[in-house]
file input.txt (compact mmCIF, C-alpha atoms)
# COMPACT_ATOMS: atom_id res chain seq x y z
CA MET I 25 32.44 38.09 28.20
CA SER I 26 32.73 37.39 24.55
CA TRP I 27 30.17 35.22 22.83
CA ILE I 28 32.62 34.56 20.06
CA ASP I 29 34.67 31.44 20.14
CA PRO I 30 38.33 32.64 20.11
CA SER I 31 39.20 30.17 17.44
CA ALA I 32 36.55 31.68 15.21
CA ARG I 33 38.27 35.08 15.26
CA HIS I 34 41.17 33.67 13.36
CA PRO I 35 39.74 31.27 10.87
CA ALA I 36 42.10 28.51 10.06
CA SER I 37 44.07 29.02 6.94
CA ALA I 38 43.29 26.95 3.92
CA LYS I 39 46.35 24.97 4.76
CA ASN I 40 44.95 23.94 8.15
CA ILE I 41 41.62 22.69 6.82
CA ARG I 42 42.37 19.24 5.61
CA VAL I 43 39.95 18.51 2.90
CA ASP I 44 40.24 14.92 1.91
CA GLY I 45 39.49 15.33 -1.77
CA ARG I 46 39.50 11.62 -2.40
CA ARG I 47 36.92 11.00 0.27
CA LEU I 48 34.77 13.84 -1.00
CA ARG I 49 34.86 12.40 -4.51
CA SER I 50 33.96 8.99 -3.19
CA GLU I 51 30.97 10.44 -1.31
CA ARG I 52 29.89 12.24 -4.44
CA THR I 53 30.12 8.99 -6.41
CA LYS I 54 28.06 7.24 -3.73
CA GLN I 55 25.44 9.95 -4.03
CA LEU I 56 25.33 9.64 -7.82
CA ILE I 57 24.90 5.87 -7.54
CA VAL I 58 21.95 6.33 -5.16
CA GLU I 59 20.41 8.88 -7.51
CA ALA I 60 20.91 6.54 -10.47
CA TYR I 61 19.10 3.76 -8.56
CA LEU I 62 16.21 6.10 -7.70
CA ALA I 63 15.97 7.36 -11.29
CA LEU I 64 15.80 3.77 -12.58
CA ILE I 65 12.97 2.71 -10.28
CA ARG I 66 11.08 5.92 -11.05
CA GLU I 67 11.37 5.28 -14.78
CA ASN I 68 10.60 1.56 -14.54
CA PRO I 69 8.27 1.16 -11.57
CA GLN I 70 7.43 -2.37 -12.74
CA THR I 71 11.06 -3.41 -12.25
CA PRO I 72 11.76 -2.55 -8.62
CA VAL I 73 15.06 -4.42 -8.55
CA PRO I 74 17.43 -2.87 -11.08
CA THR I 75 20.65 -4.82 -11.46
CA ALA I 76 24.08 -3.55 -10.46
CA ALA I 77 24.99 -3.35 -14.16
CA GLU I 78 21.95 -1.17 -14.90
CA ILE I 79 22.67 1.12 -11.96
CA ALA I 80 26.35 1.40 -12.88
CA LYS I 81 25.51 2.23 -16.49
CA ARG I 82 23.03 4.89 -15.46
CA ALA I 83 25.44 6.46 -12.97
CA GLY I 84 28.31 6.36 -15.45
CA TYR I 85 30.53 4.20 -13.24
CA SER I 86 31.69 0.60 -13.26
CA VAL I 87 29.91 -2.18 -11.37
CA ARG I 88 33.05 -2.40 -9.25
CA SER I 89 32.59 1.24 -8.18
CA ILE I 90 29.19 0.31 -6.75
CA PHE I 91 30.50 -2.57 -4.70
CA GLU I 92 33.44 -0.52 -3.47
CA ARG I 93 30.91 1.79 -1.81
CA PHE I 94 28.06 -0.59 -0.95
CA PRO I 95 28.76 -4.13 0.26
CA ASP I 96 25.68 -5.34 -1.62
CA LEU I 97 22.54 -4.06 -3.34
CA HIS I 98 20.52 -4.24 -0.11
CA ASN I 99 22.81 -1.63 1.39
CA LEU I 100 22.34 0.52 -1.67
CA ARG I 101 18.55 0.20 -1.35
CA VAL I 102 18.70 1.18 2.31
CA ALA I 103 20.89 4.21 1.51
CA ALA I 104 18.42 5.17 -1.23
CA ALA I 105 15.51 4.86 1.21
CA ASP I 106 17.30 7.14 3.70
CA TYR I 107 18.05 9.66 0.99
CA ALA I 108 14.46 9.63 -0.28
CA LEU I 109 12.97 9.92 3.22
CA ALA I 110 15.18 12.92 3.98
CA HIS I 111 14.24 14.40 0.63
CA ALA I 112 10.52 13.82 1.26
CA ALA I 113 10.74 15.47 4.69
CA ALA I 114 12.58 18.48 3.25
CA LEU I 115 10.03 18.93 0.47
CA ALA I 116 6.96 18.54 2.69
CA PRO I 117 7.18 20.78 5.74
CA ALA I 118 3.98 21.22 7.76
CA ARG I 119 2.17 24.36 6.66
CA ASP I 120 -0.92 26.22 7.94
CA VAL I 121 -0.86 24.33 11.25
CA ASP I 122 -2.72 27.24 12.88
CA GLY I 123 -5.18 27.75 10.06
CA ASP I 124 -8.89 27.12 10.17
CA ARG I 125 -10.23 23.60 9.62
CA ALA I 126 -10.68 23.86 5.86
CA THR I 127 -7.23 25.41 5.40
CA ARG I 128 -5.55 22.74 7.52
CA ILE I 129 -7.29 19.91 5.66
CA ARG I 130 -6.40 21.35 2.28
CA SER I 131 -2.80 22.03 3.27
CA HIS I 132 -2.33 18.55 4.69
CA VAL I 133 -3.92 16.85 1.69
CA GLU I 134 -1.94 18.81 -0.90
CA THR I 135 1.34 18.18 0.91
CA ARG I 136 0.58 14.48 1.36
CA ALA I 137 -0.54 14.09 -2.24
CA GLY I 138 2.69 15.69 -3.43
CA THR I 139 4.72 13.28 -1.31
CA CYS I 140 2.74 10.31 -2.65
CA GLU I 141 3.09 11.52 -6.21
CA ARG I 142 6.88 11.75 -5.88
CA GLY I 143 7.50 8.74 -3.68
CA LEU I 144 5.39 5.96 -5.17
CA SER I 145 8.10 4.15 -7.12
CA LEU I 146 10.52 4.04 -4.19
CA TRP I 147 7.74 2.98 -1.84
CA ARG I 148 6.88 0.05 -4.10
CA ALA I 149 10.54 -0.89 -4.41
CA MET I 150 10.84 -0.89 -0.61
CA LEU I 151 7.76 -3.10 -0.24
CA PHE I 152 9.08 -5.44 -2.91
CA ASN I 153 12.38 -5.89 -1.08
CA ILE I 154 11.09 -5.68 2.45
CA ASP I 155 11.40 -9.31 3.45
CA GLU I 156 15.02 -9.45 2.44
CA ASN I 157 15.99 -6.75 4.82
CA ASP I 158 14.75 -5.69 8.25
CA GLU I 159 16.35 -2.30 7.77
CA LEU I 160 13.84 -1.52 5.02
CA LYS I 161 11.00 -2.60 7.29
CA MET I 162 12.24 -0.11 9.87
CA ARG I 163 12.27 2.68 7.30
CA ILE I 164 8.73 1.86 6.20
CA LYS I 165 7.70 2.15 9.83
CA VAL I 166 9.48 5.50 10.11
CA ALA I 167 7.61 6.77 7.05
CA ARG I 168 4.25 5.64 8.49
CA ASP I 169 5.05 7.11 11.89
CA ARG I 170 5.80 10.44 10.23
CA THR I 171 2.51 10.36 8.34
CA ILE I 172 0.63 9.82 11.59
CA GLU I 173 2.61 12.47 13.47
CA ARG I 174 1.80 14.94 10.73
CA MET I 175 -1.92 14.21 11.03
CA GLU I 176 -1.73 14.56 14.80
CA LEU I 177 -0.15 17.96 14.29
CA MET I 178 -2.54 19.16 11.59
CA TYR I 179 -5.72 17.98 13.29
CA ARG I 180 -4.76 18.63 16.89
CA PRO I 181 -7.90 20.67 17.75
CA GLU I 182 -10.27 18.00 16.43
CA LEU I 183 -8.34 15.04 17.84
CA ALA I 184 -8.00 16.69 21.25
CA ALA I 185 -11.77 16.55 21.60
CA LEU I 186 -11.84 12.75 21.31
CA ALA I 187 -11.35 9.99 23.87
CA GLU I 188 -8.12 8.04 23.35
CA ALA I 189 -9.66 4.97 21.67
CA GLU I 190 -11.70 7.04 19.24
CA ARG I 191 -8.75 9.31 18.54
CA ARG I 192 -6.64 6.29 17.61
CA SER I 193 -9.40 4.90 15.45
CA VAL I 194 -9.73 8.19 13.55
CA LEU I 195 -5.96 8.36 13.00
CA ILE I 196 -5.86 4.79 11.70
CA ALA I 197 -8.71 5.50 9.29
CA LEU I 198 -7.07 8.70 8.06
CA GLU I 199 -3.80 6.87 7.54
CA ALA I 200 -5.56 4.18 5.50
CA ILE I 201 -7.31 6.69 3.29
CA THR I 202 -4.22 8.82 2.66
CA ASP I 203 -1.93 5.86 2.08
CA ILE I 204 0.43 6.12 -0.86
CA GLU I 205 -1.22 3.14 -2.65
CA SER I 206 -4.61 4.75 -2.13
CA TRP I 207 -3.24 7.81 -3.95
CA ALA I 208 -1.85 5.62 -6.71
CA ARG I 209 -5.29 4.10 -7.25
CA LEU I 210 -6.96 7.51 -7.36
CA ARG I 211 -4.58 8.51 -10.13
CA ASP I 212 -4.04 5.28 -12.08
CA MET I 213 -7.11 3.13 -11.53
CA TYR I 214 -9.79 5.84 -11.25
CA GLY I 215 -8.01 8.28 -13.57
CA LEU I 216 -8.45 11.31 -11.30
CA SER I 217 -6.35 14.44 -11.80
CA PHE I 218 -4.17 15.70 -8.94
CA ALA I 219 -6.87 18.25 -8.00
CA GLU I 220 -9.68 15.65 -8.17
CA GLY I 221 -7.64 13.24 -6.03
CA CYS I 222 -7.10 15.98 -3.46
CA ALA I 223 -10.82 16.85 -3.50
CA THR I 224 -11.66 13.20 -2.79
CA TRP I 225 -9.37 13.09 0.22
CA ILE I 226 -10.51 16.50 1.49
CA ALA I 227 -14.18 15.47 1.48
CA ALA I 228 -13.38 12.18 3.25
CA ILE I 229 -11.20 13.76 5.95
CA ASP I 230 -13.81 16.43 6.60
CA ARG I 231 -16.39 13.71 7.22
CA ILE I 232 -14.17 11.56 9.38
CA LEU I 233 -12.91 14.32 11.66
CA PRO I 234 -15.23 15.41 14.47
CA ALA I 235 -16.43 19.00 14.61
CA THR I 236 -13.74 21.53 15.48
CA PRO I 237 -14.27 22.64 19.07
CA GLU I 238 -15.02 26.32 19.55
CA GLY I 239 -12.04 28.21 20.89
CA GLY I 240 -9.68 25.29 20.20
CA ALA I 241 -8.91 26.61 16.76
CA ARG I 242 -10.70 28.54 14.11
CA ALA I 243 -13.42 26.33 12.65
CA MET G 8 -34.76 -42.84 -22.65
CA THR G 9 -31.51 -44.66 -22.02
CA VAL G 10 -28.54 -42.76 -20.67
CA ARG G 11 -25.35 -43.57 -22.46
CA PRO G 12 -22.44 -44.04 -20.08
CA MET G 13 -20.11 -41.01 -20.12
CA LYS G 14 -16.60 -41.68 -21.33
CA VAL G 15 -14.30 -40.74 -18.52
CA ASP G 16 -10.80 -40.00 -19.74
CA GLY G 17 -8.78 -41.20 -16.73
CA ARG G 18 -5.53 -39.79 -18.03
CA ARG G 19 -7.05 -36.34 -18.47
CA LEU G 20 -8.63 -36.51 -15.03
CA ARG G 21 -5.27 -37.38 -13.47
CA SER G 22 -3.63 -34.53 -15.31
CA GLU G 23 -6.27 -32.10 -14.07
CA ARG G 24 -5.78 -33.40 -10.56
CA THR G 25 -2.02 -32.88 -10.86
CA LYS G 26 -2.63 -29.34 -12.12
CA GLN G 27 -4.83 -28.65 -9.13
CA LEU G 28 -2.22 -30.02 -6.71
CA ILE G 29 0.44 -27.83 -8.32
CA ILE G 30 -1.80 -24.77 -7.88
CA GLU G 31 -2.39 -25.66 -4.24
CA ALA G 32 1.34 -26.18 -3.67
CA TYR G 33 2.04 -22.81 -5.27
CA LEU G 34 -0.55 -21.10 -3.06
CA ALA G 35 0.76 -22.69 0.12
CA LEU G 36 4.31 -21.59 -0.72
CA ALA G 37 3.27 -18.11 -1.88
CA GLN G 38 1.48 -17.69 1.45
CA ASP G 39 4.57 -18.78 3.41
CA LEU G 40 7.12 -16.87 1.35
CA SER G 41 5.05 -13.75 0.52
CA PRO G 42 5.96 -11.53 -1.23
CA ARG G 43 8.64 -13.74 -2.82
CA VAL G 44 7.39 -15.87 -5.69
CA PRO G 45 8.29 -19.52 -5.12
CA THR G 46 10.60 -21.14 -7.66
CA ALA G 47 9.55 -24.02 -9.92
CA ALA G 48 11.82 -26.35 -7.94
CA GLU G 49 10.17 -25.34 -4.65
CA ILE G 50 6.68 -25.79 -6.09
CA ALA G 51 7.57 -29.18 -7.55
CA ALA G 52 9.05 -30.38 -4.25
CA ARG G 53 5.98 -29.20 -2.32
CA ALA G 54 3.54 -30.80 -4.76
CA GLY G 55 5.53 -34.02 -4.98
CA TYR G 56 6.08 -33.79 -8.73
CA SER G 57 8.99 -33.02 -11.01
CA VAL G 58 9.72 -29.55 -12.36
CA ARG G 59 8.95 -30.99 -15.79
CA SER G 60 5.43 -31.90 -14.63
CA ILE G 61 4.82 -28.23 -13.83
CA PHE G 62 5.93 -26.99 -17.23
CA GLU G 63 3.93 -29.69 -19.00
CA ARG G 64 0.81 -28.10 -17.51
CA PHE G 65 1.80 -24.42 -17.34
CA PRO G 66 3.93 -22.76 -20.02
CA ASP G 67 5.66 -20.62 -17.38
CA ILE G 68 5.41 -19.53 -13.74
CA LEU G 69 3.28 -16.53 -14.72
CA ALA G 70 0.65 -18.86 -16.18
CA LEU G 71 0.68 -20.81 -12.91
CA GLN G 72 0.33 -17.57 -10.93
CA VAL G 73 -2.65 -16.54 -13.05
CA ALA G 74 -4.34 -19.93 -12.57
CA ALA G 75 -3.70 -19.74 -8.82
CA VAL G 76 -5.16 -16.23 -8.59
CA ASP G 77 -8.29 -17.37 -10.47
CA TYR G 78 -8.65 -20.29 -8.11
CA CYS G 79 -8.33 -17.97 -5.10
CA PHE G 80 -10.87 -15.48 -6.41
CA ALA G 81 -13.36 -18.28 -7.01
CA GLN G 82 -12.85 -19.33 -3.39
CA VAL G 83 -13.26 -15.77 -2.11
CA SER G 84 -16.56 -15.43 -3.99
CA ALA G 85 -17.79 -18.75 -2.67
CA LEU G 86 -16.78 -18.04 0.92
CA ALA G 87 -17.97 -14.45 1.15
CA PRO G 88 -21.41 -14.09 -0.41
CA PRO G 89 -23.21 -10.80 0.28
CA ARG G 90 -25.17 -11.05 3.50
CA GLY G 91 -27.58 -8.68 5.22
CA ALA G 92 -28.03 -6.30 2.27
CA GLU G 93 -31.64 -5.81 3.32
CA GLY G 94 -30.93 -4.91 6.94
CA ASP G 95 -30.91 -1.54 8.64
CA ARG G 96 -27.91 0.77 8.34
CA ALA G 97 -26.05 -0.49 11.41
CA SER G 98 -26.52 -4.16 10.56
CA ARG G 99 -25.49 -3.61 6.93
CA ILE G 100 -22.29 -1.86 8.01
CA GLU G 101 -21.56 -4.61 10.52
CA ALA G 102 -22.28 -7.41 8.01
CA HIS G 103 -20.15 -5.80 5.32
CA VAL G 104 -17.22 -5.19 7.66
CA ARG G 105 -17.29 -8.70 9.12
CA THR G 106 -17.38 -10.34 5.69
CA ARG G 107 -14.66 -8.11 4.32
CA ALA G 108 -12.50 -8.61 7.41
CA GLN G 109 -12.79 -12.37 7.07
CA THR G 110 -11.68 -12.21 3.43
CA CYS G 111 -8.77 -9.89 4.25
CA GLU G 112 -7.63 -12.00 7.19
CA ARG G 113 -7.58 -15.12 5.08
CA TRP G 114 -5.96 -13.77 1.92
CA VAL G 115 -3.75 -10.94 3.12
CA ARG G 116 -0.39 -12.58 2.39
CA LEU G 117 -1.38 -13.87 -1.02
CA TRP G 118 -2.88 -10.52 -1.96
CA HIS G 119 0.29 -8.77 -0.86
CA SER G 120 2.33 -11.14 -3.01
CA LEU G 121 0.02 -10.56 -5.99
CA VAL G 122 0.12 -6.77 -5.70
CA VAL G 123 3.88 -6.64 -5.25
CA ASN G 124 4.60 -9.10 -8.06
CA GLN G 125 2.03 -8.03 -10.65
CA GLY G 126 4.87 -6.17 -12.40
CA ASP G 127 3.94 -5.44 -15.99
CA SER G 128 1.83 -8.57 -16.47
CA PRO G 129 -1.48 -7.53 -18.06
CA GLU G 130 -3.06 -10.81 -16.83
CA LEU G 131 -2.21 -10.18 -13.17
CA LYS G 132 -3.03 -6.48 -13.38
CA ALA G 133 -6.44 -7.34 -14.82
CA ARG G 134 -7.09 -9.66 -11.89
CA VAL G 135 -6.08 -7.06 -9.31
CA ARG G 136 -8.41 -4.62 -11.02
CA SER G 137 -11.22 -7.16 -11.14
CA ALA G 138 -10.82 -7.91 -7.43
CA ARG G 139 -11.05 -4.20 -6.61
CA ASP G 140 -14.09 -3.83 -8.85
CA SER G 141 -15.78 -6.68 -6.98
CA VAL G 142 -15.14 -4.90 -3.68
CA THR G 143 -16.61 -1.69 -5.07
CA GLU G 144 -19.68 -3.53 -6.41
CA ARG G 145 -20.21 -5.11 -3.01
CA ILE G 146 -20.01 -1.70 -1.32
CA GLU G 147 -22.56 -0.33 -3.79
CA LEU G 148 -24.88 -3.22 -3.05
CA MET G 149 -24.58 -3.04 0.73
CA PHE G 150 -25.01 0.72 0.97
CA ALA G 151 -27.46 1.25 -1.87
CA PRO G 152 -29.94 3.23 0.30
CA GLU G 153 -27.25 5.73 1.32
CA PHE G 154 -25.76 6.03 -2.18
CA ALA G 155 -29.22 6.64 -3.60
CA THR G 156 -29.33 9.96 -1.73
CA MET G 157 -26.00 11.21 -3.09
CA PRO G 158 -25.19 13.19 -6.24
CA HIS G 159 -23.09 11.28 -8.78
CA ASP G 160 -19.72 12.89 -8.01
CA GLU G 161 -20.10 12.54 -4.27
CA ARG G 162 -21.18 8.94 -4.68
CA ARG G 163 -18.09 8.16 -6.78
CA ARG G 164 -15.76 9.84 -4.31
CA THR G 165 -17.30 8.02 -1.37
CA LEU G 166 -17.00 4.68 -3.16
CA ILE G 167 -13.33 5.31 -3.90
CA VAL G 168 -12.63 6.21 -0.29
CA LEU G 169 -14.55 3.22 1.10
CA GLU G 170 -12.59 0.94 -1.21
CA ALA G 171 -9.29 2.41 0.01
CA LEU G 172 -10.40 2.19 3.63
CA THR G 173 -11.39 -1.48 3.40
CA ASP G 174 -8.46 -2.50 1.24
CA VAL G 175 -6.59 -5.69 2.18
CA GLU G 176 -3.44 -3.67 2.86
CA SER G 177 -5.33 -1.34 5.18
CA TRP G 178 -6.42 -4.46 7.08
CA GLU G 179 -2.85 -5.73 7.14
CA ARG G 180 -1.63 -2.45 8.62
CA MET G 181 -4.31 -2.44 11.32
CA ARG G 182 -3.37 -5.96 12.34
CA GLU G 183 0.41 -5.82 12.03
CA TYR G 184 1.53 -2.22 12.28
CA PHE G 185 -1.12 -0.94 14.71
CA GLY G 186 -1.45 -4.31 16.48
CA LEU G 187 -5.26 -4.33 16.57
CA SER G 188 -7.28 -7.48 17.23
CA VAL G 189 -9.85 -8.56 14.62
CA ASP G 190 -12.65 -6.99 16.68
CA GLU G 191 -10.75 -3.75 17.22
CA ALA G 192 -9.93 -3.50 13.53
CA CYS G 193 -13.58 -4.15 12.62
CA ALA G 194 -14.61 -1.40 15.05
CA VAL G 195 -12.33 1.09 13.26
CA TRP G 196 -13.91 0.26 9.91
CA ILE G 197 -17.45 0.34 11.30
CA GLN G 198 -16.95 3.74 12.92
CA THR G 199 -15.33 5.21 9.81
CA ILE G 200 -17.89 3.85 7.35
CA ASP G 201 -20.63 5.24 9.56
CA ARG G 202 -18.99 8.67 9.36
CA LEU G 203 -18.40 8.52 5.62
CA LEU G 204 -21.91 7.47 4.63
CA PRO G 205 -24.69 10.05 4.70
CA ARG G 206 -27.68 9.40 6.91
CA ASN G 207 -30.63 8.02 5.06
CA PRO G 208 -33.54 10.26 6.09
CA ASP G 209 -35.95 7.29 5.99
CA GLU G 210 -33.91 5.27 8.41
CA ALA G 211 -33.69 6.06 12.09
CA ALA G 212 -30.72 3.81 12.97

call {"tool": "encode", "arguments": {"input": "input.txt", "output": "structure tokens"}}
result
Amino acid sequence: MSWIDPSARHPASAKNIRVDGRRLRSERTKQLIVEAYLALIRENPQTPVPTAAEIAKRAGYSVRSIFERFPDLHNLRVAAADYALAHAAALAPARDVDGDRATRIRSHVETRAGTCERGLSLWRAMLFNIDENDELKMRIKVARDRTIERMELMYRPELAALAEAERRSVLIALEAITDIESWARLRDMYGLSFAEGCATWIAAIDRILPATPEGGARA
Amino acid sequence: MTVRPMKVDGRRLRSERTKQLIIEAYLALAQDLSPRVPTAAEIAARAGYSVRSIFERFPDILALQVAAVDYCFAQVSALAPPRGAEGDRASRIEAHVRTRAQTCERWVRLWHSLVVNQGDSPELKARVRSARDSVTERIELMFAPEFATMPHDERRRTLIVLEALTDVESWERMREYFGLSVDEACAVWIQTIDRLLPRNPDEAA
């Protein structure tokens, strides 16, 4: 029995693959518009609602091009949120999940801090526009759920030792402390460097987590 | 000694009263519409005045926002004085959490609106900063015995973390996203503060 799909033995000729060049170009334009929006809110975090004209200018297209691809600016914001969430997930894979306690805490904190550092402007833009659009609310929930899932993964040995109510309480506290706005305050309000911000979170997480059970993972 | 009767300027008093009613109308709307900032027309309709009346008293909406924030902060200070700072560790944690929870529960929507809309206004930013500084000062007061045992850097880090933990938005998430009751949310804060603060060797509890 062959494991190879017969059709794969004779790859279709270039003629048979119908590449819709127009559609591809349109998708590329869409992508550039989303990136222009994200660049604008990163550069001007105090103006979380750039206008269509500003976005068009930045992307190098006409305002009409934007509204040919997005029915309105809400849809553009939602597409940008999806793009940024996918980007954040790709740039922040879980590392050192099987490491000892100190390694896991450090790895989690540095990854989370990097995500916060990169994602603050979009996060604020999402919060600013949240009430206009339930779809943004859903994406904020997805982002929070991911943060909690990551902590459950990274601190599995410690959390496994706790009763359900206490486990939940610890997760909620960890989520509050490692919130993106908490990171923004460490950096902007308290003037901490990236390393100092990480050290602050590491010390707090180490205190909040219960002792690592022997045999559960390397303490 | 004879007391000379004070000259009460009725027109000025009425104007101040109108100003106050406009601030209250703004706050009621900001609470309902948070995080959207109400328009001048909405505020005027709610207060029962004309739009012109608003701009006779406030040069722009930002000035009204600033006045409203000041009014709120004065209320927060009046309604949440420090209590139980002399108690034992457990009662100080409990007192601090209950007071803070009450403030957060009451002001969460307005705070959210302020934080989201502070934009690049130095006046609003200064008020957000001042509110956070007040929270930090309160934490320092309530947990002075524990902080006294800590080296400077550790003390600073712990203060920063306690401020983040007991932030209004952290409260909002516990209530709305995690669906906790007030008591459950207080229990999370109490347990976490207890873990974050070092034990004072002089205190058994």

call {"tool": "closest_residue", "arguments": {"input": "input.txt", "among": "I:Asp158, I:Glu220, I:Glu173, I:Asp230", "to": "I:Ile129", "atoms": "only C-alpha atoms"}}
result
I:Asp230

call {"tool": "closest_residue", "arguments": {"input": "input.txt", "among": "I:Thr127, I:Ala149, I:Ala184, I:Pro237", "to": "chain G", "atoms": "all atoms listed in the file"}}
result
I:Ala149

call {"tool": "residues_around", "arguments": {"input": "input.txt", "residues": "G:Glu101", "least_positions_apart": "3", "cutoff": "12 Å", "atoms": "only C-alpha atoms", "output": "list in words"}}
result
Arg90, Gly91, Ala92, Gly94, Asp95, Arg96, Ala97, Ser98, Val104, Arg105, Thr106, Arg107, Ala108, Met149, Phe150, Asp190, Cys193, Ala194, Val195, Trp196, Ile197, Gln198, Thr199, Ile200 and Asp201 of chain G

call {"tool": "residues_near_point", "arguments": {"input": "input.txt", "point": "(-6.7, 12.8, -8.2)", "cutoff": "12 Å", "atoms": "all atoms listed in the file", "output": "MDAnalysis selection string"}}
result
(chainID I and resid 133:134 137:138 140:141 202 206:226) or (chainID G and resid 164 167:168)

call {"tool": "closest_atom_pairs", "arguments": {"input": "input.txt", "of": "chain I", "to": "chain G", "cutoff": "8 Å", "atoms": "only C-alpha atoms", "output": "Markdown table"}}
result
| residue | atom | partner | partner_atom | distance |
| --- | --- | --- | --- | --- |
| I:Gln70 | CA | G:Gly126 | CA | 4.6 |
| I:Thr71 | CA | G:Gly126 | CA | 6.8 |
| I:Arg148 | CA | G:Val123 | CA | 7.4 |
| I:Leu151 | CA | G:Val123 | CA | 7.3 |
| I:Phe152 | CA | G:Val123 | CA | 5.8 |
| I:Asp155 | CA | G:Pro42 | CA | 7.5 |
| I:Lys165 | CA | G:Tyr184 | CA | 7.9 |
| I:Ser193 | CA | G:Val195 | CA | 5.3 |
| I:Val194 | CA | G:Thr199 | CA | 7.4 |
| I:Ile196 | CA | G:Met181 | CA | 7.4 |
| I:Ala197 | CA | G:Thr199 | CA | 6.6 |
| I:Ala200 | CA | G:Ser177 | CA | 5.5 |
| I:Ile201 | CA | G:Leu172 | CA | 5.5 |
| I:Ser206 | CA | G:Ala171 | CA | 5.7 |
| I:Leu210 | CA | G:Ile167 | CA | 7.6 |
| I:Met213 | CA | G:Arg136 | CA | 7.9 |
| I:Thr224 | CA | G:Arg164 | CA | 5.5 |
| I:Trp225 | CA | G:Val168 | CA | 7.6 |
| I:Ala228 | CA | G:Leu203 | CA | 6.6 |
| I:Arg231 | CA | G:Leu203 | CA | 5.8 |
| I:Ile232 | CA | G:Arg202 | CA | 5.6 |

call {"tool": "atom_distance", "arguments": {"input": "input.txt", "atom1": "atom CA of I:Asp44", "atom2": "atom CA of I:Ile57"}}
result
20.2 Å

call {"tool": "build_atoms", "arguments": {"input": "input.txt", "residues": "stretch 212-223 of chain I", "atoms": "N, CA and C atoms", "output": "mmCIF file, in the frame of the given file"}}
result
data_model
loop_
_atom_site.group_PDB
_atom_site.id
_atom_site.type_symbol
_atom_site.label_atom_id
_atom_site.label_comp_id
_atom_site.auth_asym_id
_atom_site.auth_seq_id
_atom_site.Cartn_x
_atom_site.Cartn_y
_atom_site.Cartn_z
ATOM 1 N N ASP I 212 -4.197 6.254 -10.989
ATOM 2 C CA ASP I 212 -4.040 5.280 -12.080
ATOM 3 C C ASP I 212 -5.323 4.501 -12.371
ATOM 4 N N MET I 213 -5.959 4.006 -11.307
ATOM 5 C CA MET I 213 -7.110 3.130 -11.530
ATOM 6 C C MET I 213 -8.375 3.953 -11.827
ATOM 7 N N TYR I 214 -8.570 5.045 -11.051
ATOM 8 C CA TYR I 214 -9.790 5.840 -11.250
ATOM 9 C C TYR I 214 -9.570 7.022 -12.194
ATOM 10 N N GLY I 215 -8.311 7.240 -12.581
ATOM 11 C CA GLY I 215 -8.010 8.280 -13.570
ATOM 12 C C GLY I 215 -8.282 9.701 -13.103
ATOM 13 N N LEU I 216 -8.194 9.949 -11.782
ATOM 14 C CA LEU I 216 -8.450 11.310 -11.300
ATOM 15 C C LEU I 216 -7.208 12.197 -11.502
ATOM 16 N N SER I 217 -7.464 13.483 -11.721
ATOM 17 C CA SER I 217 -6.350 14.440 -11.800
ATOM 18 C C SER I 217 -5.837 14.681 -10.377
ATOM 19 N N PHE I 218 -4.710 15.382 -10.272
ATOM 20 C CA PHE I 218 -4.170 15.700 -8.940
ATOM 21 C C PHE I 218 -5.233 16.443 -8.118
ATOM 22 N N ALA I 219 -5.873 17.441 -8.731
ATOM 23 C CA ALA I 219 -6.870 18.250 -8.000
ATOM 24 C C ALA I 219 -8.082 17.394 -7.599
ATOM 25 N N GLU I 220 -8.520 16.507 -8.493
ATOM 26 C CA GLU I 220 -9.680 15.650 -8.170
ATOM 27 C C GLU I 220 -9.322 14.671 -7.045
ATOM 28 N N GLY I 221 -8.095 14.140 -7.099
ATOM 29 C CA GLY I 221 -7.640 13.240 -6.030
ATOM 30 C C GLY I 221 -7.635 13.963 -4.698
ATOM 31 N N CYS I 222 -7.128 15.188 -4.698
ATOM 32 C CA CYS I 222 -7.100 15.980 -3.460
ATOM 33 C C CYS I 222 -8.536 16.228 -2.967
ATOM 34 N N ALA I 223 -9.432 16.565 -3.904
ATOM 35 C CA ALA I 223 -10.820 16.850 -3.500
ATOM 36 C C ALA I 223 -11.458 15.629 -2.846
#
